[in-house]
>>> print(open('protein-v1.pdb').read())   # PDB, N, CA and C atoms
MODEL        1
ATOM      1  N   MET A  26     -13.914 -25.350  13.034
ATOM      2  CA  MET A  26     -15.349 -25.106  13.064
ATOM      3  C   MET A  26     -15.689 -24.137  14.192
ATOM      4  N   ALA A  27     -16.821 -23.481  14.044
ATOM      5  CA  ALA A  27     -17.259 -22.529  15.061
ATOM      6  C   ALA A  27     -17.632 -23.310  16.314
ATOM      7  N   ARG A  28     -17.012 -22.947  17.401
ATOM      8  CA  ARG A  28     -17.275 -23.649  18.649
ATOM      9  C   ARG A  28     -18.727 -23.482  19.069
ATOM     10  N   ASN A  29     -19.414 -24.588  19.308
ATOM     11  CA  ASN A  29     -20.777 -24.583  19.826
ATOM     12  C   ASN A  29     -21.738 -23.733  19.011
ATOM     13  N   ASN A  30     -21.562 -23.673  17.721
ATOM     14  CA  ASN A  30     -22.499 -22.941  16.888
ATOM     15  C   ASN A  30     -23.038 -23.875  15.808
ATOM     16  N   PRO A  31     -24.147 -24.539  16.110
ATOM     17  CA  PRO A  31     -24.678 -25.532  15.181
ATOM     18  C   PRO A  31     -24.971 -24.973  13.785
ATOM     19  N   PHE A  32     -25.546 -23.774  13.703
ATOM     20  CA  PHE A  32     -25.888 -23.238  12.384
ATOM     21  C   PHE A  32     -24.645 -23.052  11.523
ATOM     22  N   LEU A  33     -23.630 -22.397  12.058
ATOM     23  CA  LEU A  33     -22.418 -22.140  11.278
ATOM     24  C   LEU A  33     -21.679 -23.433  10.942
ATOM     25  N   ASN A  34     -21.663 -24.373  11.874
ATOM     26  CA  ASN A  34     -21.015 -25.664  11.600
ATOM     27  C   ASN A  34     -21.735 -26.416  10.479
ATOM     28  N   LYS A  35     -23.070 -26.410  10.514
ATOM     29  CA  LYS A  35     -23.838 -27.082   9.465
ATOM     30  C   LYS A  35     -23.661 -26.373   8.128
ATOM     31  N   LEU A  36     -23.648 -25.048   8.153
ATOM     32  CA  LEU A  36     -23.451 -24.285   6.924
ATOM     33  C   LEU A  36     -22.111 -24.625   6.291
ATOM     34  N   ARG A  37     -21.082 -24.626   7.102
ATOM     35  CA  ARG A  37     -19.743 -24.948   6.595
ATOM     36  C   ARG A  37     -19.719 -26.368   6.010
ATOM     37  N   SER A  38     -20.341 -27.306   6.697
ATOM     38  CA  SER A  38     -20.398 -28.691   6.210
ATOM     39  C   SER A  38     -21.133 -28.788   4.880
ATOM     40  N   MET A  39     -22.249 -28.064   4.749
ATOM     41  CA  MET A  39     -23.013 -28.077   3.500
ATOM     42  C   MET A  39     -22.182 -27.565   2.336
ATOM     43  N   VAL A  40     -21.521 -26.430   2.551
ATOM     44  CA  VAL A  40     -20.764 -25.797   1.470
ATOM     45  C   VAL A  40     -19.520 -26.619   1.129
ATOM     46  N   ASP A  41     -18.913 -27.239   2.131
ATOM     47  CA  ASP A  41     -17.704 -28.044   1.912
ATOM     48  C   ASP A  41     -17.981 -29.397   1.257
ATOM     49  N   ASP A  42     -19.185 -29.912   1.402
ATOM     50  CA  ASP A  42     -19.507 -31.262   0.942
ATOM     51  C   ASP A  42     -19.534 -31.337  -0.591
ATOM     52  N   PRO A  43     -18.615 -32.087  -1.201
ATOM     53  CA  PRO A  43     -18.597 -32.176  -2.668
ATOM     54  C   PRO A  43     -19.865 -32.811  -3.244
ATOM     55  N   LYS A  44     -20.596 -33.586  -2.426
ATOM     56  CA  LYS A  44     -21.826 -34.217  -2.909
ATOM     57  C   LYS A  44     -22.955 -33.209  -3.121
ATOM     58  N   THR A  45     -22.838 -32.018  -2.525
ATOM     59  CA  THR A  45     -23.885 -31.005  -2.674
ATOM     60  C   THR A  45     -23.471 -29.863  -3.603
ATOM     61  N   ASN A  46     -22.332 -29.994  -4.275
ATOM     62  CA  ASN A  46     -21.811 -28.898  -5.107
ATOM     63  C   ASN A  46     -22.779 -28.399  -6.169
ATOM     64  N   GLU A  47     -23.642 -29.252  -6.645
ATOM     65  CA  GLU A  47     -24.604 -28.836  -7.662
ATOM     66  C   GLU A  47     -25.648 -27.882  -7.069
ATOM     67  N   LEU A  48     -25.834 -27.940  -5.739
ATOM     68  CA  LEU A  48     -26.897 -27.172  -5.094
ATOM     69  C   LEU A  48     -26.398 -26.104  -4.132
ATOM     70  N   ILE A  49     -25.195 -26.258  -3.608
ATOM     71  CA  ILE A  49     -24.566 -25.236  -2.768
ATOM     72  C   ILE A  49     -23.057 -25.470  -2.843
ATOM     73  N   ARG A  50     -22.321 -24.409  -3.130
ATOM     74  CA  ARG A  50     -20.869 -24.567  -3.303
ATOM     75  C   ARG A  50     -20.171 -23.231  -3.092
ATOM     76  N   TRP A  51     -18.868 -23.325  -2.908
ATOM     77  CA  TRP A  51     -18.048 -22.125  -2.794
ATOM     78  C   TRP A  51     -17.956 -21.431  -4.156
ATOM     79  N   SER A  52     -17.810 -20.117  -4.131
ATOM     80  CA  SER A  52     -17.492 -19.380  -5.356
ATOM     81  C   SER A  52     -16.058 -19.727  -5.743
ATOM     82  N   ASP A  53     -15.662 -19.369  -6.941
ATOM     83  CA  ASP A  53     -14.315 -19.699  -7.413
ATOM     84  C   ASP A  53     -13.227 -19.135  -6.508
ATOM     85  N   ASP A  54     -13.441 -17.922  -5.978
ATOM     86  CA  ASP A  54     -12.418 -17.301  -5.125
ATOM     87  C   ASP A  54     -12.532 -17.715  -3.657
ATOM     88  N   GLY A  55     -13.586 -18.455  -3.294
ATOM     89  CA  GLY A  55     -13.752 -18.929  -1.925
ATOM     90  C   GLY A  55     -14.221 -17.872  -0.947
ATOM     91  N   GLU A  56     -14.595 -16.695  -1.443
ATOM     92  CA  GLU A  56     -15.017 -15.605  -0.555
ATOM     93  C   GLU A  56     -16.524 -15.544  -0.360
ATOM     94  N   SER A  57     -17.263 -16.406  -1.041
ATOM     95  CA  SER A  57     -18.714 -16.442  -0.916
ATOM     96  C   SER A  57     -19.175 -17.851  -1.271
ATOM     97  N   PHE A  58     -20.471 -18.093  -1.092
ATOM     98  CA  PHE A  58     -21.001 -19.377  -1.536
ATOM     99  C   PHE A  58     -22.246 -19.143  -2.377
ATOM    100  N   LEU A  59     -22.531 -20.119  -3.233
ATOM    101  CA  LEU A  59     -23.590 -20.005  -4.227
ATOM    102  C   LEU A  59     -24.667 -21.058  -4.017
ATOM    103  N   VAL A  60     -25.912 -20.645  -4.233
ATOM    104  CA  VAL A  60     -27.051 -21.558  -4.279
ATOM    105  C   VAL A  60     -27.709 -21.322  -5.641
ATOM    106  N   PRO A  61     -27.395 -22.171  -6.632
ATOM    107  CA  PRO A  61     -27.885 -21.923  -7.986
ATOM    108  C   PRO A  61     -29.346 -22.291  -8.235
ATOM    109  N   ASN A  62     -29.944 -23.101  -7.373
ATOM    110  CA  ASN A  62     -31.325 -23.506  -7.591
ATOM    111  C   ASN A  62     -32.023 -23.626  -6.239
ATOM    112  N   GLN A  63     -32.742 -22.576  -5.876
ATOM    113  CA  GLN A  63     -33.395 -22.500  -4.568
ATOM    114  C   GLN A  63     -34.343 -23.673  -4.334
ATOM    115  N   ASN A  64     -35.153 -24.026  -5.316
ATOM    116  CA  ASN A  64     -36.145 -25.089  -5.129
ATOM    117  C   ASN A  64     -35.499 -26.437  -4.836
ATOM    118  N   ARG A  65     -34.513 -26.792  -5.610
ATOM    119  CA  ARG A  65     -33.828 -28.068  -5.358
ATOM    120  C   ARG A  65     -33.064 -28.033  -4.037
ATOM    121  N   PHE A  66     -32.482 -26.890  -3.701
ATOM    122  CA  PHE A  66     -31.771 -26.735  -2.430
ATOM    123  C   PHE A  66     -32.734 -26.970  -1.264
ATOM    124  N   GLU A  67     -33.934 -26.380  -1.364
ATOM    125  CA  GLU A  67     -34.952 -26.578  -0.321
ATOM    126  C   GLU A  67     -35.339 -28.047  -0.190
ATOM    127  N   ASP A  68     -35.533 -28.696  -1.314
ATOM    128  CA  ASP A  68     -36.011 -30.083  -1.307
ATOM    129  C   ASP A  68     -34.942 -31.102  -0.937
ATOM    130  N   GLU A  69     -33.706 -30.862  -1.391
ATOM    131  CA  GLU A  69     -32.684 -31.901  -1.300
ATOM    132  C   GLU A  69     -31.595 -31.670  -0.254
ATOM    133  N   VAL A  70     -31.342 -30.421   0.105
ATOM    134  CA  VAL A  70     -30.226 -30.155   1.020
ATOM    135  C   VAL A  70     -30.703 -29.700   2.400
ATOM    136  N   LEU A  71     -31.547 -28.684   2.451
ATOM    137  CA  LEU A  71     -31.956 -28.146   3.758
ATOM    138  C   LEU A  71     -32.475 -29.209   4.727
ATOM    139  N   PRO A  72     -33.359 -30.119   4.305
ATOM    140  CA  PRO A  72     -33.875 -31.110   5.264
ATOM    141  C   PRO A  72     -32.807 -32.049   5.824
ATOM    142  N   ARG A  73     -31.699 -32.202   5.120
ATOM    143  CA  ARG A  73     -30.624 -33.073   5.617
ATOM    144  C   ARG A  73     -29.844 -32.417   6.753
ATOM    145  N   TYR A  74     -29.874 -31.099   6.828
ATOM    146  CA  TYR A  74     -29.071 -30.384   7.819
ATOM    147  C   TYR A  74     -29.911 -29.685   8.885
ATOM    148  N   PHE A  75     -31.143 -29.339   8.546
ATOM    149  CA  PHE A  75     -31.996 -28.591   9.474
ATOM    150  C   PHE A  75     -33.357 -29.266   9.598
ATOM    151  N   LYS A  76     -34.151 -28.800  10.550
ATOM    152  CA  LYS A  76     -35.474 -29.381  10.781
ATOM    153  C   LYS A  76     -36.534 -28.705   9.915
ATOM    154  N   HIS A  77     -36.121 -28.103   8.823
ATOM    155  CA  HIS A  77     -37.065 -27.438   7.923
ATOM    156  C   HIS A  77     -36.519 -27.485   6.505
ATOM    157  N   ASN A  78     -37.352 -27.061   5.567
ATOM    158  CA  ASN A  78     -36.908 -26.965   4.177
ATOM    159  C   ASN A  78     -37.341 -25.626   3.577
ATOM    160  N   ARG A  79     -37.321 -24.582   4.387
ATOM    161  CA  ARG A  79     -37.778 -23.262   3.950
ATOM    162  C   ARG A  79     -36.585 -22.343   3.687
ATOM    163  N   PHE A  80     -36.402 -21.991   2.426
ATOM    164  CA  PHE A  80     -35.291 -21.131   2.037
ATOM    165  C   PHE A  80     -35.347 -19.770   2.740
ATOM    166  N   PRO A  81     -36.524 -19.132   2.867
ATOM    167  CA  PRO A  81     -36.555 -17.839   3.584
ATOM    168  C   PRO A  81     -36.051 -17.940   5.030
ATOM    169  N   SER A  82     -36.316 -19.046   5.696
ATOM    170  CA  SER A  82     -35.807 -19.236   7.064
ATOM    171  C   SER A  82     -34.288 -19.357   7.060
ATOM    172  N   PHE A  83     -33.757 -20.054   6.070
ATOM    173  CA  PHE A  83     -32.310 -20.195   5.918
ATOM    174  C   PHE A  83     -31.671 -18.824   5.680
ATOM    175  N   VAL A  84     -32.260 -18.027   4.792
ATOM    176  CA  VAL A  84     -31.735 -16.688   4.492
ATOM    177  C   VAL A  84     -31.809 -15.795   5.728
ATOM    178  N   ARG A  85     -32.883 -15.905   6.496
ATOM    179  CA  ARG A  85     -33.020 -15.115   7.727
ATOM    180  C   ARG A  85     -31.894 -15.454   8.706
ATOM    181  N   GLN A  86     -31.574 -16.736   8.831
ATOM    182  CA  GLN A  86     -30.457 -17.142   9.691
ATOM    183  C   GLN A  86     -29.141 -16.559   9.176
ATOM    184  N   LEU A  87     -28.926 -16.634   7.860
ATOM    185  CA  LEU A  87     -27.707 -16.051   7.289
ATOM    186  C   LEU A  87     -27.607 -14.573   7.644
ATOM    187  N   ASN A  88     -28.712 -13.850   7.491
ATOM    188  CA  ASN A  88     -28.712 -12.418   7.802
ATOM    189  C   ASN A  88     -28.386 -12.161   9.267
ATOM    190  N   MET A  89     -28.849 -13.032  10.149
ATOM    191  CA  MET A  89     -28.578 -12.862  11.580
ATOM    192  C   MET A  89     -27.100 -13.045  11.907
ATOM    193  N   TYR A  90     -26.371 -13.718  11.024
ATOM    194  CA  TYR A  90     -24.933 -13.905  11.213
ATOM    195  C   TYR A  90     -24.110 -12.973  10.336
ATOM    196  N   GLY A  91     -24.749 -11.963   9.769
ATOM    197  CA  GLY A  91     -24.024 -10.944   9.026
ATOM    198  C   GLY A  91     -23.726 -11.261   7.572
ATOM    199  N   PHE A  92     -24.370 -12.278   7.018
ATOM    200  CA  PHE A  92     -24.195 -12.562   5.593
ATOM    201  C   PHE A  92     -24.995 -11.559   4.776
ATOM    202  N   HIS A  93     -24.489 -11.257   3.597
ATOM    203  CA  HIS A  93     -25.176 -10.354   2.679
ATOM    204  C   HIS A  93     -25.312 -11.036   1.331
ATOM    205  N   LYS A  94     -26.436 -10.783   0.678
ATOM    206  CA  LYS A  94     -26.648 -11.322  -0.666
ATOM    207  C   LYS A  94     -25.830 -10.491  -1.647
ATOM    208  N   VAL A  95     -25.121 -11.173  -2.516
ATOM    209  CA  VAL A  95     -24.317 -10.505  -3.539
ATOM    210  C   VAL A  95     -25.205 -10.324  -4.770
ATOM    211  N   PRO A  96     -25.405  -9.078  -5.213
ATOM    212  CA  PRO A  96     -26.264  -8.846  -6.388
ATOM    213  C   PRO A  96     -25.591  -9.302  -7.684
ATOM    214  N   HIS A  97     -26.415  -9.696  -8.646
ATOM    215  CA  HIS A  97     -25.924 -10.147  -9.950
ATOM    216  C   HIS A  97     -26.641  -9.378 -11.045
ATOM    217  N   LEU A  98     -25.990  -9.225 -12.191
ATOM    218  CA  LEU A  98     -26.568  -8.477 -13.306
ATOM    219  C   LEU A  98     -27.862  -9.083 -13.830
ATOM    220  N   GLN A  99     -27.995 -10.415 -13.791
ATOM    221  CA  GLN A  99     -29.202 -11.012 -14.341
ATOM    222  C   GLN A  99     -30.407 -10.777 -13.441
ATOM    223  N   GLN A 100     -30.186 -10.194 -12.273
ATOM    224  CA  GLN A 100     -31.283  -9.879 -11.370
ATOM    225  C   GLN A 100     -31.601  -8.397 -11.493
ATOM    226  N   GLY A 101     -32.716  -7.986 -10.969
ATOM    227  CA  GLY A 101     -33.080  -6.579 -11.047
ATOM    228  C   GLY A 101     -33.523  -6.208 -12.450
ATOM    229  N   ALA A 102     -33.124  -5.034 -12.924
ATOM    230  CA  ALA A 102     -33.581  -4.512 -14.209
ATOM    231  C   ALA A 102     -33.166  -5.393 -15.378
ATOM    232  N   LEU A 103     -32.046  -6.084 -15.246
ATOM    233  CA  LEU A 103     -31.552  -6.893 -16.351
ATOM    234  C   LEU A 103     -31.901  -8.372 -16.203
ATOM    235  N   LYS A 104     -32.768  -8.693 -15.260
ATOM    236  CA  LYS A 104     -33.102 -10.090 -14.988
ATOM    237  C   LYS A 104     -33.730 -10.755 -16.212
ATOM    238  N   HIS A 105     -33.322 -11.967 -16.459
ATOM    239  CA  HIS A 105     -33.838 -12.755 -17.574
ATOM    240  C   HIS A 105     -35.270 -13.177 -17.254
ATOM    241  N   ASP A 106     -36.167 -13.089 -18.207
ATOM    242  CA  ASP A 106     -37.575 -13.394 -17.971
ATOM    243  C   ASP A 106     -37.931 -14.869 -18.143
ATOM    244  N   SER A 107     -37.002 -15.680 -18.555
ATOM    245  CA  SER A 107     -37.286 -17.085 -18.797
ATOM    246  C   SER A 107     -37.473 -17.843 -17.486
ATOM    247  N   PRO A 108     -38.582 -18.584 -17.351
ATOM    248  CA  PRO A 108     -38.786 -19.363 -16.121
ATOM    249  C   PRO A 108     -37.795 -20.518 -15.991
ATOM    250  N   GLN A 109     -37.121 -20.899 -17.090
ATOM    251  CA  GLN A 109     -36.159 -21.989 -17.027
ATOM    252  C   GLN A 109     -34.856 -21.565 -16.353
ATOM    253  N   VAL A 110     -34.616 -20.267 -16.249
ATOM    254  CA  VAL A 110     -33.376 -19.774 -15.662
ATOM    255  C   VAL A 110     -33.614 -19.532 -14.172
ATOM    256  N   ALA A 111     -33.061 -20.404 -13.339
ATOM    257  CA  ALA A 111     -33.227 -20.269 -11.892
ATOM    258  C   ALA A 111     -32.390 -19.099 -11.388
ATOM    259  N   GLU A 112     -32.883 -18.454 -10.349
ATOM    260  CA  GLU A 112     -32.146 -17.338  -9.763
ATOM    261  C   GLU A 112     -30.918 -17.862  -9.030
ATOM    262  N   LEU A 113     -29.791 -17.231  -9.272
ATOM    263  CA  LEU A 113     -28.558 -17.583  -8.582
ATOM    264  C   LEU A 113     -28.469 -16.767  -7.302
ATOM    265  N   TRP A 114     -28.373 -17.443  -6.178
ATOM    266  CA  TRP A 114     -28.202 -16.774  -4.890
ATOM    267  C   TRP A 114     -26.738 -16.892  -4.499
ATOM    268  N   GLU A 115     -26.156 -15.773  -4.089
ATOM    269  CA  GLU A 115     -24.768 -15.760  -3.622
ATOM    270  C   GLU A 115     -24.729 -14.981  -2.319
ATOM    271  N   PHE A 116     -24.067 -15.552  -1.322
ATOM    272  CA  PHE A 116     -23.983 -14.929  -0.003
ATOM    273  C   PHE A 116     -22.534 -14.778   0.409
ATOM    274  N   ARG A 117     -22.275 -13.678   1.130
ATOM    275  CA  ARG A 117     -20.897 -13.369   1.520
ATOM    276  C   ARG A 117     -20.860 -12.842   2.950
ATOM    277  N   ASN A 118     -19.806 -13.209   3.649
ATOM    278  CA  ASN A 118     -19.498 -12.675   4.973
ATOM    279  C   ASN A 118     -17.973 -12.693   5.069
ATOM    280  N   ASP A 119     -17.381 -11.599   5.515
ATOM    281  CA  ASP A 119     -15.918 -11.502   5.565
ATOM    282  C   ASP A 119     -15.267 -12.593   6.415
ATOM    283  N   HIS A 120     -16.036 -13.180   7.342
ATOM    284  CA  HIS A 120     -15.479 -14.206   8.223
ATOM    285  C   HIS A 120     -15.856 -15.630   7.798
ATOM    286  N   PHE A 121     -16.426 -15.767   6.625
ATOM    287  CA  PHE A 121     -16.792 -17.088   6.104
ATOM    288  C   PHE A 121     -16.057 -17.266   4.787
ATOM    289  N   HIS A 122     -14.937 -17.985   4.844
ATOM    290  CA  HIS A 122     -14.052 -18.112   3.686
ATOM    291  C   HIS A 122     -13.601 -19.561   3.557
ATOM    292  N   ARG A 123     -13.605 -20.052   2.332
ATOM    293  CA  ARG A 123     -13.226 -21.451   2.078
ATOM    294  C   ARG A 123     -11.852 -21.798   2.649
ATOM    295  N   ASP A 124     -10.884 -20.909   2.466
ATOM    296  CA  ASP A 124      -9.504 -21.211   2.842
ATOM    297  C   ASP A 124      -9.118 -20.733   4.237
ATOM    298  N   LYS A 125     -10.082 -20.191   4.981
ATOM    299  CA  LYS A 125      -9.787 -19.683   6.328
ATOM    300  C   LYS A 125     -10.868 -20.118   7.318
ATOM    301  N   PRO A 126     -10.995 -21.421   7.567
ATOM    302  CA  PRO A 126     -12.046 -21.890   8.474
ATOM    303  C   PRO A 126     -11.904 -21.352   9.893
ATOM    304  N   GLU A 127     -10.696 -20.958  10.268
ATOM    305  CA  GLU A 127     -10.484 -20.419  11.619
ATOM    306  C   GLU A 127     -11.254 -19.115  11.850
ATOM    307  N   LEU A 128     -11.647 -18.420  10.785
ATOM    308  CA  LEU A 128     -12.398 -17.169  10.931
ATOM    309  C   LEU A 128     -13.807 -17.392  11.479
ATOM    310  N   LEU A 129     -14.322 -18.616  11.386
ATOM    311  CA  LEU A 129     -15.664 -18.904  11.902
ATOM    312  C   LEU A 129     -15.802 -18.527  13.368
ATOM    313  N   THR A 130     -14.724 -18.636  14.121
ATOM    314  CA  THR A 130     -14.793 -18.322  15.555
ATOM    315  C   THR A 130     -15.062 -16.838  15.796
ATOM    316  N   LEU A 131     -14.861 -16.003  14.785
ATOM    317  CA  LEU A 131     -15.117 -14.565  14.922
ATOM    318  C   LEU A 131     -16.573 -14.206  14.648
ATOM    319  N   MET A 132     -17.346 -15.169  14.191
ATOM    320  CA  MET A 132     -18.741 -14.905  13.838
ATOM    321  C   MET A 132     -19.656 -15.138  15.031
ATOM    322  N   SER A 133     -20.656 -14.281  15.138
ATOM    323  CA  SER A 133     -21.668 -14.475  16.174
ATOM    324  C   SER A 133     -23.005 -13.958  15.660
ATOM    325  N   ARG A 134     -24.037 -14.437  16.298
ATOM    326  CA  ARG A 134     -25.391 -14.043  15.914
ATOM    327  C   ARG A 134     -25.654 -12.630  16.403
ATOM    328  N   LYS A 135     -26.315 -11.838  15.555
ATOM    329  CA  LYS A 135     -26.656 -10.466  15.936
ATOM    330  C   LYS A 135     -27.649 -10.488  17.087
ATOM    331  N   LYS A 136     -27.528  -9.530  17.958
ATOM    332  CA  LYS A 136     -28.483  -9.400  19.062
ATOM    333  C   LYS A 136     -29.800  -8.863  18.516
ATOM    334  N   ALA A 137     -30.900  -9.369  19.048
ATOM    335  CA  ALA A 137     -32.232  -8.957  18.565
ATOM    336  C   ALA A 137     -32.545  -7.525  18.906
TER     337      ALA A 137
ENDMDL
END
>>> encode(input="protein-v1.pdb", output="C-alpha cells")
Amino acid sequence: MARNNPFLNKLRSMVDDPKTNELIRWSDDGESFLVPNQNRFEDEVLPRYFKHNRFPSFVRQLNMYGFHKVPHLQQGALKHDSPQVAELWEFRNDHFHRDKPELLTLMSRKKA
C-alpha cells in the first residue's frame, strides 16, 4: 500500500474488495478500474470510504494523482441515448495496477 497516503490506500481497498465488484472493479487486464454505475457508486461505496458521496470530488482526487479517464465508443458521438444505460467510467494510471501494488509508492499528488 502507498505509505501514508489515505486516498490511494482507500482507492486500492475499494477496487480490491470483491463485495464492491458490481460498483467498482478492476478491468480484465488489471491496468485500469471501472465504475459502471456512478449513482449507485455515490450512494453505496463512496460514503463507506470517504466523508462524502460526491462523484465529481472523487474524480477530482483521481485527477490530482494522475489518473485519466479512458474513453469508450458508447460515449461521445456514438453514445447510446437510452436513460437505462448507465455511463461506464474507466480510469487508468500507469502506477495503479492490480498485479503490481508496489507501484503505489511511486504515486504522489500533483502540486497545485
>>> atom_distance(input="protein-v1.pdb", atom1="atom N of A:Pro72", atom2="atom C of A:Asn46")
15.0 Å
>>> resolve_selection(input="protein-v1.pdb", expression="the PyMOL selection byres (((chain A and resi 129 and name CA) around 12) and name CA)", output="ChimeraX atom specification")
/A:26-37,90-91,118-128,130-134
>>> closest_residue(input="protein-v1.pdb", among="A:Ser38, A:Phe80, A:Glu115, A:Asn88", to="A:Asn64", atoms="all atoms listed in the file")
A:Phe80
>>> atom_distance(input="protein-v1.pdb", atom1="atom CA of A:Asp42", atom2="atom CA of A:Pro96")
24.5 Å
>>> residues_near_point(input="protein-v1.pdb", point="(-18.6, -24.7, -3.2)", cutoff="8 Å", atoms="only C-alpha atoms", output="compact mmCIF listing (two decimals) with N, CA and C atoms, in the frame of the given file")
# COMPACT_ATOMS: atom_id res chain seq x y z
N VAL A 40 -21.52 -26.43 2.55
CA VAL A 40 -20.76 -25.80 1.47
C VAL A 40 -19.52 -26.62 1.13
N ASP A 41 -18.91 -27.24 2.13
CA ASP A 41 -17.70 -28.04 1.91
C ASP A 41 -17.98 -29.40 1.26
N ASP A 42 -19.18 -29.91 1.40
CA ASP A 42 -19.51 -31.26 0.94
C ASP A 42 -19.53 -31.34 -0.59
N PRO A 43 -18.61 -32.09 -1.20
CA PRO A 43 -18.60 -32.18 -2.67
C PRO A 43 -19.86 -32.81 -3.24
N ASN A 46 -22.33 -29.99 -4.28
CA ASN A 46 -21.81 -28.90 -5.11
C ASN A 46 -22.78 -28.40 -6.17
N ILE A 49 -25.20 -26.26 -3.61
CA ILE A 49 -24.57 -25.24 -2.77
C ILE A 49 -23.06 -25.47 -2.84
N ARG A 50 -22.32 -24.41 -3.13
CA ARG A 50 -20.87 -24.57 -3.30
C ARG A 50 -20.17 -23.23 -3.09
N TRP A 51 -18.87 -23.32 -2.91
CA TRP A 51 -18.05 -22.12 -2.79
C TRP A 51 -17.96 -21.43 -4.16
N SER A 52 -17.81 -20.12 -4.13
CA SER A 52 -17.49 -19.38 -5.36
C SER A 52 -16.06 -19.73 -5.74
N ASP A 53 -15.66 -19.37 -6.94
CA ASP A 53 -14.32 -19.70 -7.41
C ASP A 53 -13.23 -19.14 -6.51
N GLY A 55 -13.59 -18.45 -3.29
CA GLY A 55 -13.75 -18.93 -1.92
C GLY A 55 -14.22 -17.87 -0.95
N PHE A 58 -20.47 -18.09 -1.09
CA PHE A 58 -21.00 -19.38 -1.54
C PHE A 58 -22.25 -19.14 -2.38
N LEU A 59 -22.53 -20.12 -3.23
CA LEU A 59 -23.59 -20.00 -4.23
C LEU A 59 -24.67 -21.06 -4.02
>>> atom_distance(input="protein-v1.pdb", atom1="atom CA of A:Arg85", atom2="atom CA of A:Glu56")
19.8 Å
>>> closest_residue(input="protein-v1.pdb", among="A:Lys94, A:Arg117, A:Lys135, A:Glu112", to="A:Phe66", atoms="only C-alpha atoms")
A:Glu112
